[in-house]
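Undergrad: Structure provided below as structure tokens; questions to follow.
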Amino acid sequence: MSGDKRILLIIGGGIAAYKSLDLIRKLRAAGLGVRCILTEAGAQFITPLSVASLSGEKTHMALFDLTEEAEMGHIRLSREADLVVVAPATADLMAKMASGQCNDLATTALLATDKPVLLAPAMNVRMWEHPATQRNLAQLQADGISIVGPDSGDMACGEYGPGRMAEPDDILAAIEAKLSPEVAAQPLRGVRALVTSGPTHEPIDPVRYIANRSSGKQGHAIASALARLGAETVLVSGPTHEPAPPGVRLIRVETACEMLRAVEEAGHVDVAVCAAAVADWRVASQTGSKIKKTADGACPELPLTENPDILKSIARSATNRPRLVIGFAAETDNVIAHARDKLARKGCDWIVANDVSPETGIMGGDFNTVHLVSAAGVADWPPMSKIEVARQLAADIAKFFDPDRG
Ligand code: CTP
């Protein structure tokens with residue numbers, strides 16, 4: 001799924017509307033554009049401002065708004081999206097859709113759209129089980145509309161049973177499956193994946209540490225891309241500001257030694273992608289108390305010792321080597337030569353090499369220009385977002401595990 005896909009999210013009036021705010025955040029983190037219609041009832045639960053702030057776009061509310069119709073008519077609104085999602089889809093919205101009624105912006109957009117529609121129903125258990133709702137559901141499914149959820153559980157109204165809106169991660173997965181045939185096919189189902197990401201922090205004393213500029217964006221995007229293709233994915237990450245990717249088991253660590261331990265404890269995997277910028281050295285002997293300045297102005301001596309090489313230990317494991325081991329080579333010069341050298345030195349199968357000179361803006365930025373180096377040769381990828389690099393790499397990994405499918 002490319003980064004320019006757009007969702008029209010219709011937020012109905014139910015307590016589950018608060019989860020739709022999280023959904024908007026997750027959709028954007030997945031690289032999707034989100035435009036929202038908030039129904040009048042929906043606006044009783046969440047505000048147009050929070051929807052606009054999270055989506056980064058104006059919140060559409062009224063059908064007969066002259067300014068809005070002049071800027072973006074409701075027909076265009078319903079057709080510019082690649083997918084229309086209704087979350088929460090209330091009993092009322094489902095009833096109106098099933099009978100083709102349209103008396104507000106949301107229902108008019110739903111009747112006017114020529115795009116696929118996905119509903120995430122949310123309502124009280126009796127309302128969900130009512131023959132009228134079940135009739136409407138059957139009609140909507142017969143009309144080609146897809147449904148995600150509802151889940152069973154405790155409800156805001158105090159009752160128990162089916163009717164809770166599906167969790168945002170599950171709605172996101174359903175959206176991705178609808179938008180991308182390669183996601184629907186789940187080519188990595190049954191494959192176990194391990195990804196390392198982010199920097200490591202190596203303590204000097206209880207208040208200071210050695211670190212680097214890695215943001216974790218690329219590693220997290222790779223874990224996310226593998227999980228969306230169905231891989232059972234463990235992400236071992238140093239300290240980052242990146243949110244936990246959906247559907248991924250995240251293990252947070254600080255130091256290189258902790259990262260190695262977590263990787264070993266993750267057990268056997270089929271593919272390992274080491275995207276972490278592991279600090280090469282740690283302070284040989286850490287003090288338990290803060291190092292103080294001295295009267296003579298002498299600087300502290302900080303003898304260093306080398307950290308374990310996590311990639312090398314995975315790739316050279318005699319007993320537990322994954323079928324595919326992928327490393328990164330972040331270089332500032334002689335990118336390909338250094339990458340080839342690392343491929344041999346570390347014993348991995350592929351190296352994703354990139355130029356991280358400060359002028360490229362790659363370190364901490366959202367874009368990347370990489371070269372995939374393997375025994376077969378070098379593939380130069382065009383500049384693309386880190387999300388797209390991750391998806392391309394996940395697609396190549398899927399091809400490795402099932403060449404016939406590729
Ligand atoms: N790596 C690792 N553990 C380390 C150092 C590096 O797992 N202690 C992994 C990185 O995750 C990356 C690859 O090795 O996949 C290359 O990392 P890089 O820092 O470029 O290589 P180094 O071996 O540290 O070589 P140098 O710093 O001299 O370029």
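Note on naming: chains are A, B, ... as they come in the structure tokens, residues start from 1 per chain, ligands start from 1 in the order shown.
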Using only C-alpha atoms and all ligand atoms, find each protein or nucleic acid residue lying at most 9 Å from ligand 1; present the set as a PyMOL selection string.
TA: chain A and resi 196-198+256-257+259-260+273-281+306-314+326-331+338-339+342-343+345-346+351-353
Undergrad: So which residues touch Asp4 in chain A within 12 Å, counting only C-alpha atoms, skipping near sequence neighbours fewer than 3 positions away, as an mmCIF file with N, CA, C and O atoms, in the first residue's frame?
TA:
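This is the output file out.cif:
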```
data_model
loop_
_atom_site.group_PDB
_atom_site.id
_atom_site.type_symbol
_atom_site.label_atom_id
_atom_site.label_comp_id
_atom_site.auth_asym_id
_atom_site.auth_seq_id
_atom_site.Cartn_x
_atom_site.Cartn_y
_atom_site.Cartn_z
ATOM 1 N N MET A 1 0.861 -1.193 0.000
ATOM 2 C CA MET A 1 0.000 0.000 0.000
ATOM 3 C C MET A 1 0.894 1.240 0.000
ATOM 4 O O MET A 1 1.768 1.380 0.831
ATOM 5 N N ILE A 7 -8.209 7.594 3.432
ATOM 6 C CA ILE A 7 -9.388 7.024 4.078
ATOM 7 C C ILE A 7 -10.368 8.160 4.350
ATOM 8 O O ILE A 7 -9.966 9.227 4.823
ATOM 9 N N LEU A 27 -3.781 5.355 11.764
ATOM 10 C CA LEU A 27 -3.856 5.392 10.301
ATOM 11 C C LEU A 27 -2.753 6.294 9.753
ATOM 12 O O LEU A 27 -2.081 5.960 8.784
ATOM 13 N N ARG A 28 -2.573 7.427 10.405
ATOM 14 C CA ARG A 28 -1.548 8.357 9.925
ATOM 15 C C ARG A 28 -0.153 7.779 10.126
ATOM 16 O O ARG A 28 0.723 7.930 9.280
ATOM 17 N N ALA A 30 0.554 4.814 9.903
ATOM 18 C CA ALA A 30 0.726 3.784 8.857
ATOM 19 C C ALA A 30 0.909 4.423 7.484
ATOM 20 O O ALA A 30 0.961 3.730 6.475
ATOM 21 N N GLY A 31 0.964 5.756 7.430
ATOM 22 C CA GLY A 31 1.230 6.440 6.169
ATOM 23 C C GLY A 31 -0.018 6.726 5.351
ATOM 24 O O GLY A 31 0.075 7.028 4.162
ATOM 25 N N LEU A 32 -1.197 6.628 5.962
ATOM 26 C CA LEU A 32 -2.443 6.875 5.231
ATOM 27 C C LEU A 32 -2.944 8.299 5.478
ATOM 28 O O LEU A 32 -2.804 8.823 6.583
ATOM 29 N N GLY A 33 -3.546 8.885 4.469
ATOM 30 C CA GLY A 33 -4.211 10.170 4.651
ATOM 31 C C GLY A 33 -5.597 9.922 5.241
ATOM 32 O O GLY A 33 -6.242 8.939 4.880
ATOM 33 N N VAL A 34 -6.044 10.777 6.145
ATOM 34 C CA VAL A 34 -7.358 10.570 6.775
ATOM 35 C C VAL A 34 -8.159 11.863 6.710
ATOM 36 O O VAL A 34 -7.715 12.913 7.169
ATOM 37 N N GLU A 80 -13.081 10.893 -3.260
ATOM 38 C CA GLU A 80 -11.628 11.086 -3.282
ATOM 39 C C GLU A 80 -10.903 10.082 -2.409
ATOM 40 O O GLU A 80 -9.691 9.971 -2.471
ATOM 41 N N ALA A 81 -11.658 9.389 -1.567
ATOM 42 C CA ALA A 81 -11.020 8.401 -0.690
ATOM 43 C C ALA A 81 -10.813 7.095 -1.453
ATOM 44 O O ALA A 81 -11.469 6.841 -2.462
ATOM 45 N N ASP A 82 -9.883 6.270 -0.984
ATOM 46 C CA ASP A 82 -9.726 4.921 -1.537
ATOM 47 C C ASP A 82 -10.629 3.944 -0.801
ATOM 48 O O ASP A 82 -10.954 2.880 -1.312
ATOM 49 N N LEU A 179 -7.157 -2.499 1.460
ATOM 50 C CA LEU A 179 -6.454 -1.629 0.513
ATOM 51 C C LEU A 179 -5.366 -2.357 -0.263
ATOM 52 O O LEU A 179 -5.005 -1.945 -1.348
ATOM 53 N N SER A 385 10.116 7.042 1.408
ATOM 54 C CA SER A 385 9.915 7.213 2.846
ATOM 55 C C SER A 385 10.401 5.958 3.569
ATOM 56 O O SER A 385 10.492 4.877 2.976
ATOM 57 N N ILE A 387 8.795 4.312 5.647
ATOM 58 C CA ILE A 387 7.684 3.340 5.629
ATOM 59 C C ILE A 387 7.736 2.535 4.329
ATOM 60 O O ILE A 387 7.587 1.312 4.323
ATOM 61 N N GLU A 388 8.005 3.228 3.215
ATOM 62 C CA GLU A 388 8.063 2.517 1.932
ATOM 63 C C GLU A 388 9.287 1.604 1.851
ATOM 64 O O GLU A 388 9.203 0.493 1.306
#
```
Undergrad: Take CA of Met61 in chain A and CA of Leu38 in chain A and report the distance between them in Å, one decimal.
TA: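 Value for the CA of Met61 in chain A-CA of Leu38 in chain A distance: 5.4 Å.
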Undergrad: Rank nothing, just name the residue among A:Val207, A:Ile251, A:Ala41, A:Cys102 nearest to Leu63 in chain A, using only C-alpha atoms.
TA: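 Of A:Val207, A:Ile251, A:Ala41, A:Cys102, the one nearest Leu63 in chain A is A:Cys102, counting only C-alpha atoms.
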Undergrad: Range 313-353 of chain A: which residues are strand (DSSP E) by DSSP, as a ChimeraX atom specification?
TA: /A:324-331,350-353
Undergrad: Based on the selection just made, write all heavy atoms of those residues as an mmCIF file, in the first residue's frame.
TA:
```cif
data_model
loop_
_atom_site.group_PDB
_atom_site.id
_atom_site.type_symbol
_atom_site.label_atom_id
_atom_site.label_comp_id
_atom_site.auth_asym_id
_atom_site.auth_seq_id
_atom_site.Cartn_x
_atom_site.Cartn_y
_atom_site.Cartn_z
ATOM 1 N N LEU A 324 17.269 -16.244 7.276
ATOM 2 C CA LEU A 324 17.642 -14.990 6.607
ATOM 3 C C LEU A 324 18.071 -13.982 7.671
ATOM 4 O O LEU A 324 17.304 -13.699 8.599
ATOM 5 C CB LEU A 324 16.437 -14.461 5.809
ATOM 6 C CG LEU A 324 16.622 -13.177 5.021
ATOM 7 C CD1 LEU A 324 17.703 -13.356 3.942
ATOM 8 C CD2 LEU A 324 15.312 -12.764 4.334
ATOM 9 N N VAL A 325 19.288 -13.451 7.534
ATOM 10 C CA VAL A 325 19.797 -12.455 8.499
ATOM 11 C C VAL A 325 20.145 -11.178 7.728
ATOM 12 O O VAL A 325 20.915 -11.216 6.752
ATOM 13 C CB VAL A 325 21.039 -12.986 9.252
ATOM 14 C CG1 VAL A 325 21.520 -11.932 10.256
ATOM 15 C CG2 VAL A 325 20.725 -14.296 9.969
ATOM 16 N N ILE A 326 19.550 -10.085 8.160
ATOM 17 C CA ILE A 326 19.720 -8.820 7.434
ATOM 18 C C ILE A 326 20.292 -7.767 8.380
ATOM 19 O O ILE A 326 19.788 -7.567 9.489
ATOM 20 C CB ILE A 326 18.354 -8.329 6.885
ATOM 21 C CG1 ILE A 326 17.715 -9.423 6.026
ATOM 22 C CG2 ILE A 326 18.523 -7.037 6.090
ATOM 23 C CD1 ILE A 326 16.279 -9.137 5.639
ATOM 24 N N GLY A 327 21.345 -7.111 7.936
ATOM 25 C CA GLY A 327 21.939 -6.036 8.733
ATOM 26 C C GLY A 327 21.805 -4.697 8.029
ATOM 27 O O GLY A 327 21.388 -4.637 6.856
ATOM 28 N N PHE A 328 22.159 -3.661 8.720
ATOM 29 C CA PHE A 328 22.179 -2.320 8.157
ATOM 30 C C PHE A 328 23.602 -1.806 8.155
ATOM 31 O O PHE A 328 24.402 -2.208 9.008
ATOM 32 C CB PHE A 328 21.287 -1.372 8.980
ATOM 33 C CG PHE A 328 19.878 -1.314 8.472
ATOM 34 C CD1 PHE A 328 19.037 -2.404 8.624
ATOM 35 C CD2 PHE A 328 19.392 -0.182 7.826
ATOM 36 C CE1 PHE A 328 17.735 -2.372 8.140
ATOM 37 C CE2 PHE A 328 18.101 -0.137 7.344
ATOM 38 C CZ PHE A 328 17.264 -1.227 7.499
ATOM 39 N N ALA A 329 23.925 -0.954 7.218
ATOM 40 C CA ALA A 329 25.222 -0.281 7.250
ATOM 41 C C ALA A 329 24.956 1.202 7.035
ATOM 42 O O ALA A 329 24.663 1.632 5.918
ATOM 43 C CB ALA A 329 26.132 -0.835 6.163
ATOM 44 N N ALA A 330 24.988 1.933 8.120
ATOM 45 C CA ALA A 330 24.805 3.378 8.038
ATOM 46 C C ALA A 330 26.192 3.983 7.917
ATOM 47 O O ALA A 330 26.990 3.886 8.844
ATOM 48 C CB ALA A 330 24.100 3.872 9.296
ATOM 49 N N GLU A 331 26.486 4.560 6.754
ATOM 50 C CA GLU A 331 27.849 5.031 6.489
ATOM 51 C C GLU A 331 27.845 6.502 6.095
ATOM 52 O O GLU A 331 26.820 7.033 5.669
ATOM 53 C CB GLU A 331 28.473 4.213 5.331
ATOM 54 C CG GLU A 331 28.403 2.705 5.502
ATOM 55 C CD GLU A 331 29.296 2.173 6.609
ATOM 56 O OE1 GLU A 331 30.160 2.932 7.109
ATOM 57 O OE2 GLU A 331 29.121 1.010 7.014
ATOM 58 N N TRP A 350 21.910 -10.274 3.759
ATOM 59 C CA TRP A 350 21.675 -9.005 3.055
ATOM 60 C C TRP A 350 22.131 -7.869 3.959
ATOM 61 O O TRP A 350 22.019 -7.969 5.194
ATOM 62 C CB TRP A 350 20.185 -8.764 2.785
ATOM 63 C CG TRP A 350 19.488 -9.814 1.975
ATOM 64 C CD1 TRP A 350 20.042 -10.868 1.306
ATOM 65 C CD2 TRP A 350 18.066 -9.887 1.757
ATOM 66 N NE1 TRP A 350 19.049 -11.608 0.702
ATOM 67 C CE2 TRP A 350 17.831 -11.026 0.954
ATOM 68 C CE3 TRP A 350 16.986 -9.121 2.149
ATOM 69 C CZ2 TRP A 350 16.551 -11.407 0.552
ATOM 70 C CZ3 TRP A 350 15.711 -9.493 1.759
ATOM 71 C CH2 TRP A 350 15.498 -10.619 0.957
ATOM 72 N N ILE A 351 22.582 -6.787 3.329
ATOM 73 C CA ILE A 351 22.858 -5.547 4.072
ATOM 74 C C ILE A 351 22.073 -4.418 3.407
ATOM 75 O O ILE A 351 22.107 -4.262 2.179
ATOM 76 C CB ILE A 351 24.376 -5.192 4.041
ATOM 77 C CG1 ILE A 351 25.172 -6.086 4.991
ATOM 78 C CG2 ILE A 351 24.600 -3.720 4.395
ATOM 79 C CD1 ILE A 351 25.316 -5.602 6.423
ATOM 80 N N VAL A 352 21.343 -3.691 4.228
ATOM 81 C CA VAL A 352 20.669 -2.487 3.737
ATOM 82 C C VAL A 352 21.619 -1.333 4.049
ATOM 83 O O VAL A 352 21.866 -1.025 5.218
ATOM 84 C CB VAL A 352 19.326 -2.267 4.456
ATOM 85 C CG1 VAL A 352 18.627 -1.028 3.907
ATOM 86 C CG2 VAL A 352 18.450 -3.490 4.315
ATOM 87 N N ALA A 353 22.186 -0.762 2.989
ATOM 88 C CA ALA A 353 23.207 0.268 3.198
ATOM 89 C C ALA A 353 22.627 1.643 2.909
ATOM 90 O O ALA A 353 21.847 1.803 1.960
ATOM 91 C CB ALA A 353 24.385 -0.002 2.266
#
```
Undergrad: Could you give me, as a list in words, the residues within 7 Å of Leu304 in chain A, counting only C-alpha atoms and dropping anything in the same chain fewer than 3 positions from it?
TA: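 Listed by chain and then number, they are Trp281, Arg282, Val283 and Ala284 of chain A.
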Undergrad: Take the residues from that selection and put them in a file with N, CA and C atoms, as an mmCIF file, in the first residue's frame.
TA:
```cif
data_model
loop_
_atom_site.group_PDB
_atom_site.id
_atom_site.type_symbol
_atom_site.label_atom_id
_atom_site.label_comp_id
_atom_site.auth_asym_id
_atom_site.auth_seq_id
_atom_site.Cartn_x
_atom_site.Cartn_y
_atom_site.Cartn_z
ATOM 1 N N TRP A 281 30.674 0.956 21.937
ATOM 2 C CA TRP A 281 31.408 0.810 23.193
ATOM 3 C C TRP A 281 30.536 1.169 24.392
ATOM 4 N N ARG A 282 30.862 0.625 25.513
ATOM 5 C CA ARG A 282 30.258 1.057 26.772
ATOM 6 C C ARG A 282 31.393 1.399 27.739
ATOM 7 N N VAL A 283 31.042 2.122 28.788
ATOM 8 C CA VAL A 283 32.047 2.498 29.777
ATOM 9 C C VAL A 283 32.431 1.241 30.559
ATOM 10 N N ALA A 284 33.727 1.027 30.658
ATOM 11 C CA ALA A 284 34.196 -0.251 31.213
ATOM 12 C C ALA A 284 33.739 -0.460 32.652
#
```
Undergrad: Using only C-alpha atoms, which protein or nucleic acid residues come within 9 Å of range 112-127 of chain A? Drop anything in the same chain fewer than 2 positions from it, and give the result as a VMD selection string.
TA: chain A and resid 14 to 16 74 to 91 94 107 to 110 129 to 133 144 to 152 155 to 157 159 to 166 171 174 to 175 178
Undergrad: Do a neighbour search on Glu258 in chain A at 12 Å with only C-alpha atoms, toss out local chain neighbours closer than 3 positions, and write the hits as a PyMOL selection string.
TA: chain A and resi 196+200-202+236-239+251-255+261-265+278+307-308+310
Undergrad: Based on the backbone DSSP call, show me all residues of range 80-202 of chain A assigned alpha helix (DSSP H), as a PyMOL selection string.
TA: chain A and resi 91-99+105-112+125-129+131-142+168-179+181-184
Undergrad: One decimal, in Å: what's the spacing between CA of Gln139 in chain A and CA of Leu93 in chain A?
TA: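 Value for the CA of Gln139 in chain A-CA of Leu93 in chain A distance: 13.2 Å.
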Undergrad: Kindly indicate which residue among A:Asp333, A:Arg192, A:Ile204, A:Lys399 lies nearest to Ala266 in chain A, using only C-alpha atoms for the distances.
TA: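 The answer is A:Arg192, which sits nearest to Ala266 in chain A.
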Undergrad: For CA of His241 in chain A and CA of Leu188 in chain A, determine how far apart the two atoms are, in Å to one decimal place.
TA: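 According to the coordinates, CA of His241 in chain A and CA of Leu188 in chain A are separated by 27.3 Å.
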Undergrad: Identify which of the residues A:His60, A:Trp128, A:Ala98, A:Gly158 lies closest to Gln141 in chain A, counting only C-alpha atoms when measuring atom-to-atom distances.
TA: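 Closest residue, counting only C-alpha atoms: A:Ala98.
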